[in-house]
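Student: My questions will all concern the structure given below.
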Amino acid sequence: MRSSPGSTAPVSFTDPGFRLKAARVLDLYSRTWQDRTLGQDEYVISADEKTSVQARCRCHPTLAPGQARAMRVPCA
């Protein structure tokens with residue numbers, strides 16, 4: 001077990017396969033897959049699906065860019 005930064009409590013993982021799963025991800029960060037270094041033309045693309053997040057309609061219109069000001073898109 002190890003401590004997380006800024007914490008004195010140890011971190012424990014309940015998934016017995018955590019180390020193997022984490023090793024796969026860490027290998028990709030080091031551009032390795034199945035003990036083979038990725039080539040210059042190979043890329044890692046990561047996506048995280050947020051199934052509980054719903055798209056919402058905008059309450060206010062998008063403001064056009066002004067002089068020396070970027071376009072403003074208000075948060076809904």
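In the structure tokens, each chain is lettered A, B, ... as it comes, each chain's residues begin at 1, and ligands are numbered from 1 in order of appearance.
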Tell me, as a PDB file with N, CA, C and O atoms, in the first residue's frame, which residues lie within 8 Å of stretch 33-44 of chain A, counting only C-alpha atoms; anything in the same chain fewer than 5 positions away does not count.
Tutor:
```
ATOM      1  N   ARG A  24      -1.324  -2.059 -17.554  1.00  0.00           N
ATOM      2  CA  ARG A  24      -1.649  -1.872 -18.976  1.00  0.00           C
ATOM      3  C   ARG A  24      -1.720  -0.393 -19.329  1.00  0.00           C
ATOM      4  O   ARG A  24      -1.200   0.044 -20.355  1.00  0.00           O
ATOM      5  N   ASP A  27       1.752   1.195 -19.164  1.00  0.00           N
ATOM      6  CA  ASP A  27       2.531   0.820 -20.347  1.00  0.00           C
ATOM      7  C   ASP A  27       2.192   1.725 -21.527  1.00  0.00           C
ATOM      8  O   ASP A  27       3.074   2.142 -22.275  1.00  0.00           O
ATOM      9  N   LEU A  28       0.913   2.036 -21.690  1.00  0.00           N
ATOM     10  CA  LEU A  28       0.517   2.913 -22.799  1.00  0.00           C
ATOM     11  C   LEU A  28       1.105   4.307 -22.633  1.00  0.00           C
ATOM     12  O   LEU A  28       1.509   4.939 -23.605  1.00  0.00           O
TER      13      LEU A  28
END
```
Student: Quick one: pull the distance between atom CA of A:Tyr29 and atom CA of A:Ala47, Å, one decimal.
Tutor: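 If I compute the distance from atom CA of A:Tyr29 to atom CA of A:Ala47, I get 14.3 Å.
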